Amino acid sequence: MVRVRFAPSPTGLPHVGNIRTALFCWLFARHHNGSFILRVEDTDRERYRPEALDAIMSGLRWLGLDWDEGPQVGGDYAPYFQSQRLEIYHKYARKLVESGSAYYCNCSPERLDKIRNQRLQNGLPPMYDRNCRDKKIESDPTDTDTVIRFKMPLFGKTCFTDELRGEICFENSTFDDIVLIKSDGYPTYHFAVVVDDYLMKISHIMRAEEWIPSAGKHILIYDALGWEAPKFVHLPMILGPDRSKLSKRHGATAITEFEQQGILPEAMFNFLSLLGWSPKDDTEIMNKEELISRFDIDGINTAASVFDFDKLRWMNGEYIRRMTPKQLTARLKPYYEKWGWCTADNPCDDEYLDKVSQAMQERLKVFTDMKELGYYFFTEPTEYDPKGVKKNFKPEVADWLNELANRFDSLSEWDKPNLEQQTRDFANEMDVGAGKVIHPIRLAVSGLRMGPGLFELLEIVGKEKVIARLKRAANWIRENIN
RNA sequence: GGCGGUAUCGUCUAGCCCGGUAAGGACAUAGCCCUCUCAAGGCUAAGACACGGGUUCAAAUCCCGUUACCGCUACCA
């Protein structure tokens with residue numbers, strides 16, 4: 001039975017790197033019909049942020065990563081908050097002290113600081129000097145004057161098999177006597193993760209590769225407790241464009257920001273799955289079901305990968321293009337409301353919005369592109385693209401636009417064919433190419449030099465508005481161009 | 001410093017285990033086609049086996065060394 005957990009620490013906004021790890025865990029669990037467990041590692045009271053957990057959970061939900069056990073859903077191994085499992089850690093910590101595998105230590109943080117600096121100055125690894133190791137201090141996990149440290153073997157080697165990288169070994173002498181229980185009674189990560197993974201019957205520890213160095217220490221703790229360790233899978237990291245660990249300074253890295261920027265969860269899911277994993281053929285666009293059936297450990301890469309925002313945008317565009325106009329409208333609507341485009345005096349009936357969706361669909365990479373590329377379907381252009389003005393707003397164009405406004409006004413039917421016929425006829429009469437007329441109209445109605453086919457655009461924007469905008473542009477030209 | 005991990009186009013990657021490919025795909029870039037513009041689409045171009053030694057008829061692939069990059073080195077996770 002595959003049981004994997006995602007164990008975030010609620011210290012801040014959920015980072016894409018962590019979320020990608022969660023996604024791999026989830027895919028692995030779903031592929032093997034196993035369980036995906038969410039466990040909250042809230043043992044650091046200093047960095048704890050109460051709002052972080054909500055952000056993490058909504059990030060997971062946004063992507064569709066549902067958990068079988070954990071906060072809000074419970075489970076057979078509750079509680080899933082480490083802060084609620086203190087007695088459990090204390091119990092096993094006492095056991096370790098009794099068996100001689102751990103010891104109480106009353107060294108002050110000041111002293112620890114001092115020896116660390118000394119050793120650093122002498123070019124030595126900044127390890128604890130094991131001052132209390134053999135003092136046999138009597139205390140209790142709850143005592144705030146002491147911590148519990150693990151008695152690391154002084155020599156020998158500890159090895160473990162990483163499912164991706166093979167055997168990895170460490171010299172025991174390089175391990176510090178790490179703290180298991182802090183003076184505040186909370187366990188450190190190293191201890192809590194071992195106890196919980198074992199007690200919760202985790203089959204595979206899937207976590208980022210930055211944990212490789214501590215895996216050896218964890219193995220030793222498992223041994224001391226007489227437990228068999230789960231399998232280890234250390235996932236490659238995600239890097240920023242400068243190849244350092246992806247972080248805030250690389251721009252949008254919190255999962256919530258992608259949502260705000262108009263990225264589809266489906267696209268994000270697909271994109272993230274391909275960051276560090278490959279289906280081995282050239283398939284790139286895959287839905288959740290395909291991903292579940294194809295994902296497995298052997299496709300996971302060992303090298304870290306750079307997060308390429310451009311490729312995400314491309315993939316998002318792929319997903320946008322695959323939607324029906326109605327589906328696109330549904331996704332776009334919240335943004336329209338946010339931008340104040342859907343109000344009483346603006347046409348926001350679904351039929352209209354669907355037409356806009358259809359016209360704009362293949363021009364959008366992210367939803368927020370709509371704000372610059374399609375605003376004219378909702379609000380009057382207040383300025384005209386300067387390059388377009390220079391190219392298309394010649395003095396004589398003012399008359400053309402007025403004339404066009406009149407002719408459009410008398411159109412029997414406001415539709416694409418009629419608009420096109422009328423426009424081309426006019427160009428012929430003026431003895432110019434159709435483009436010479438089309439471009440000024442586009443600029444007058446949309447303010448832009450780019451967009452959907454002009455006649456489709458005109459049909460959608462509607463008779464009244466088009467005519468008003470043509471006249472308005474004509475006046476603008478008279479006032480500004482000579 | 002110590003310990004560990006990693007190394008194929010700018011980026012994501014296939015190929016490596018089981019030596020023989022014109023080293024394949026995608027994003028981005030450039031050009032062309034399509035065209036009322038922008039997209040989308042189609043075609044084309046440019047672009048990589050970190051380096052040095054072996055082994056072999058033959059090495060991206062196997063062996064050794066070097067280099068570079070990244071991570072860890074807390075009473076943080």
# chains A, B, ... in the order shown; residues from 1 in each chain; ligands from 1
$ interface_residues --of "chain B" --to "chain A" --cutoff "10 Å" --atoms "only C-alpha atoms (C1' of nucleotides)" --output "ChimeraX atom specification"
/B:1-7,11-15,24-28,35-40,69-77
$ residues_around --residues "C62 (chain B)" --least-positions-apart "2" --cutoff "9 Å" --atoms "only C-alpha atoms (C1' of nucleotides)" --output "compact mmCIF listing (two decimals) with C-alpha atoms (C1' of nucleotides), in the first residue's frame"
# COMPACT_ATOMS: atom_id res chain seq x y z
C1' G B 19 27.79 1.25 -26.99
C1' U B 55 38.35 0.74 -23.11
C1' A B 59 31.42 6.30 -26.71
$ residues_around --residues "Leu457 (chain A)" --least-positions-apart "5" --cutoff "10 Å" --atoms "only C-alpha atoms (C1' of nucleotides)" --output "list in words"
Lys355, Val356, Ala359, Met360, Tyr376, Phe377, Lys416, Arg442, Val445, Ser446, Gly451, Pro452, Gly462 and Val466 of chain A
$ write_last_selection --atoms "N, CA and C atoms" --output "compact mmCIF listing (two decimals), in the first residue's frame"
# COMPACT_ATOMS: atom_id res chain seq x y z
N LYS A 355 -19.32 35.68 -27.42
CA LYS A 355 -18.78 36.18 -28.70
C LYS A 355 -17.40 36.77 -28.49
N VAL A 356 -17.25 37.51 -27.41
CA VAL A 356 -15.94 38.08 -27.09
C VAL A 356 -14.92 36.96 -26.87
N ALA A 359 -13.85 35.47 -30.11
CA ALA A 359 -12.98 36.35 -30.89
C ALA A 359 -11.58 36.44 -30.29
N MET A 360 -11.50 36.37 -28.99
CA MET A 360 -10.21 36.60 -28.33
C MET A 360 -9.45 35.34 -27.97
N TYR A 376 -11.70 47.04 -25.22
CA TYR A 376 -12.62 47.83 -26.04
C TYR A 376 -13.97 47.16 -26.26
N PHE A 377 -14.06 45.89 -25.87
CA PHE A 377 -15.37 45.24 -25.95
C PHE A 377 -16.26 45.71 -24.79
N LYS A 416 -21.36 40.73 -40.23
CA LYS A 416 -20.05 40.68 -40.85
C LYS A 416 -20.07 40.91 -42.37
N ARG A 442 -10.20 50.09 -37.41
CA ARG A 442 -9.81 49.30 -36.24
C ARG A 442 -9.28 50.21 -35.13
N VAL A 445 -12.07 52.21 -33.48
CA VAL A 445 -13.02 51.46 -32.65
C VAL A 445 -12.36 50.80 -31.45
N SER A 446 -11.09 50.34 -31.64
CA SER A 446 -10.47 49.60 -30.54
C SER A 446 -9.31 50.34 -29.88
N GLY A 451 -5.72 42.68 -33.14
CA GLY A 451 -6.96 42.12 -32.61
C GLY A 451 -7.61 41.17 -33.60
N PRO A 452 -8.82 40.76 -33.31
CA PRO A 452 -9.55 39.84 -34.18
C PRO A 452 -9.85 40.50 -35.53
N GLY A 462 -21.01 46.25 -31.90
CA GLY A 462 -22.38 46.70 -32.10
C GLY A 462 -22.49 48.05 -32.78
N VAL A 466 -20.06 51.42 -32.45
CA VAL A 466 -19.12 51.57 -33.55
C VAL A 466 -19.29 52.95 -34.18
$ atom_distance --atom1 "CA of Gly240 (chain A)" --atom2 "CA of Ser273 (chain A)"
17.0 Å
$ select_by_dssp --residues "region 115-291 of chain A" --states "strand (DSSP E or B)" --output "VMD selection string"
chain A and resid 147 to 150 157 to 162 166 to 171 179 to 181 187 204 to 208 231 to 235 238 to 239 245 254 277
$ residues_around --residues "Lys151 (chain A)" --least-positions-apart "4" --cutoff "8 Å" --atoms "only C-alpha atoms (C1' of nucleotides)" --output "PyMOL selection string"
chain A and resi 100-103+133+177-178
$ closest_residue --among "A:Asp129, A:Glu459, A:Asp354, A:Asp298" --to "Arg116 (chain A)" --atoms "only C-alpha atoms"
A:Asp129
$ closest_residue --among "A:Val461, A:Ala215, A:Met268, A:Ala52" --to "Glu380 (chain A)" --atoms "only C-alpha atoms"
A:Val461
$ closest_residue --among "B:C16, B:G41, B:G10, B:G52" --to "U29 (chain B)" --atoms "only C-alpha atoms (C1' of nucleotides)"
B:G10
$ decode --residues "region 178-190 of chain A" --atoms "all heavy atoms" --output "compact mmCIF listing (two decimals), in the first residue's frame"
# COMPACT_ATOMS: atom_id res chain seq x y z
N ILE A 178 22.47 15.99 16.92
CA ILE A 178 21.35 16.91 16.66
C ILE A 178 20.32 16.93 17.80
O ILE A 178 20.16 15.95 18.53
CB ILE A 178 20.61 16.54 15.35
CG1 ILE A 178 20.19 15.07 15.38
CG2 ILE A 178 21.47 16.85 14.16
CD1 ILE A 178 19.26 14.68 14.26
N VAL A 179 19.65 18.05 17.89
CA VAL A 179 18.61 18.20 18.90
C VAL A 179 17.35 17.47 18.43
O VAL A 179 16.96 17.56 17.27
CB VAL A 179 18.30 19.70 19.13
CG1 VAL A 179 17.06 19.87 20.00
CG2 VAL A 179 19.50 20.39 19.75
N LEU A 180 16.75 16.72 19.34
CA LEU A 180 15.51 15.99 19.04
C LEU A 180 14.31 16.76 19.58
O LEU A 180 13.30 16.93 18.91
CB LEU A 180 15.56 14.61 19.69
CG LEU A 180 16.01 13.37 18.90
CD1 LEU A 180 16.88 13.68 17.71
CD2 LEU A 180 16.68 12.37 19.84
N ILE A 181 14.45 17.16 20.85
CA ILE A 181 13.39 17.94 21.49
C ILE A 181 13.99 19.28 21.92
O ILE A 181 15.01 19.32 22.60
CB ILE A 181 12.85 17.21 22.75
CG1 ILE A 181 12.30 15.82 22.39
CG2 ILE A 181 11.76 18.07 23.42
CD1 ILE A 181 11.00 15.81 21.62
N LYS A 182 13.36 20.34 21.49
CA LYS A 182 13.85 21.68 21.81
C LYS A 182 13.50 22.04 23.25
O LYS A 182 12.71 21.34 23.89
CB LYS A 182 13.24 22.70 20.84
CG LYS A 182 13.57 22.42 19.38
CD LYS A 182 13.01 23.48 18.46
CE LYS A 182 11.75 23.01 17.77
NZ LYS A 182 11.28 23.96 16.74
N SER A 183 14.06 23.12 23.75
CA SER A 183 13.80 23.48 25.15
C SER A 183 12.34 23.86 25.38
O SER A 183 11.83 23.76 26.49
CB SER A 183 14.74 24.62 25.58
OG SER A 183 14.59 25.72 24.73
N ASP A 184 11.65 24.23 24.32
CA ASP A 184 10.22 24.57 24.49
C ASP A 184 9.34 23.32 24.46
O ASP A 184 8.12 23.42 24.46
CB ASP A 184 9.78 25.59 23.44
CG ASP A 184 9.88 25.07 22.01
OD1 ASP A 184 10.21 23.88 21.82
OD2 ASP A 184 9.64 25.86 21.08
N GLY A 185 9.98 22.17 24.38
CA GLY A 185 9.21 20.93 24.41
C GLY A 185 8.76 20.45 23.04
O GLY A 185 8.25 19.34 22.90
N TYR A 186 8.95 21.28 22.02
CA TYR A 186 8.58 20.89 20.66
C TYR A 186 9.69 20.06 20.04
O TYR A 186 10.87 20.28 20.34
CB TYR A 186 8.32 22.12 19.79
CG TYR A 186 6.96 22.74 20.03
CD1 TYR A 186 6.68 23.40 21.22
CD2 TYR A 186 5.97 22.66 19.06
CE1 TYR A 186 5.43 23.97 21.45
CE2 TYR A 186 4.72 23.22 19.27
CZ TYR A 186 4.45 23.87 20.46
OH TYR A 186 3.22 24.42 20.68
N PRO A 187 9.34 19.12 19.19
CA PRO A 187 10.38 18.33 18.52
C PRO A 187 11.00 19.14 17.39
O PRO A 187 10.39 20.09 16.90
CB PRO A 187 9.59 17.16 17.95
CG PRO A 187 8.24 17.76 17.63
CD PRO A 187 7.98 18.76 18.73
N THR A 188 12.22 18.77 16.99
CA THR A 188 12.77 19.37 15.79
C THR A 188 12.21 18.60 14.61
O THR A 188 11.63 17.52 14.77
CB THR A 188 14.31 19.24 15.75
OG1 THR A 188 14.65 17.86 15.85
CG2 THR A 188 14.94 20.03 16.88
N TYR A 189 12.42 19.14 13.42
CA TYR A 189 11.97 18.46 12.21
C TYR A 189 12.50 17.04 12.15
O TYR A 189 11.76 16.09 11.87
CB TYR A 189 12.45 19.23 10.97
CG TYR A 189 12.28 18.44 9.70
CD1 TYR A 189 11.05 18.36 9.06
CD2 TYR A 189 13.35 17.73 9.14
CE1 TYR A 189 10.89 17.60 7.92
CE2 TYR A 189 13.20 16.98 8.01
CZ TYR A 189 11.97 16.92 7.39
OH TYR A 189 11.81 16.16 6.26
N HIS A 190 13.79 16.90 12.41
CA HIS A 190 14.45 15.60 12.28
C HIS A 190 13.77 14.52 13.10
O HIS A 190 13.67 13.37 12.68
CB HIS A 190 15.92 15.71 12.70
CG HIS A 190 16.70 16.65 11.84
ND1 HIS A 190 16.88 16.44 10.50
CD2 HIS A 190 17.35 17.80 12.13
CE1 HIS A 190 17.61 17.42 9.99
NE2 HIS A 190 17.90 18.27 10.95
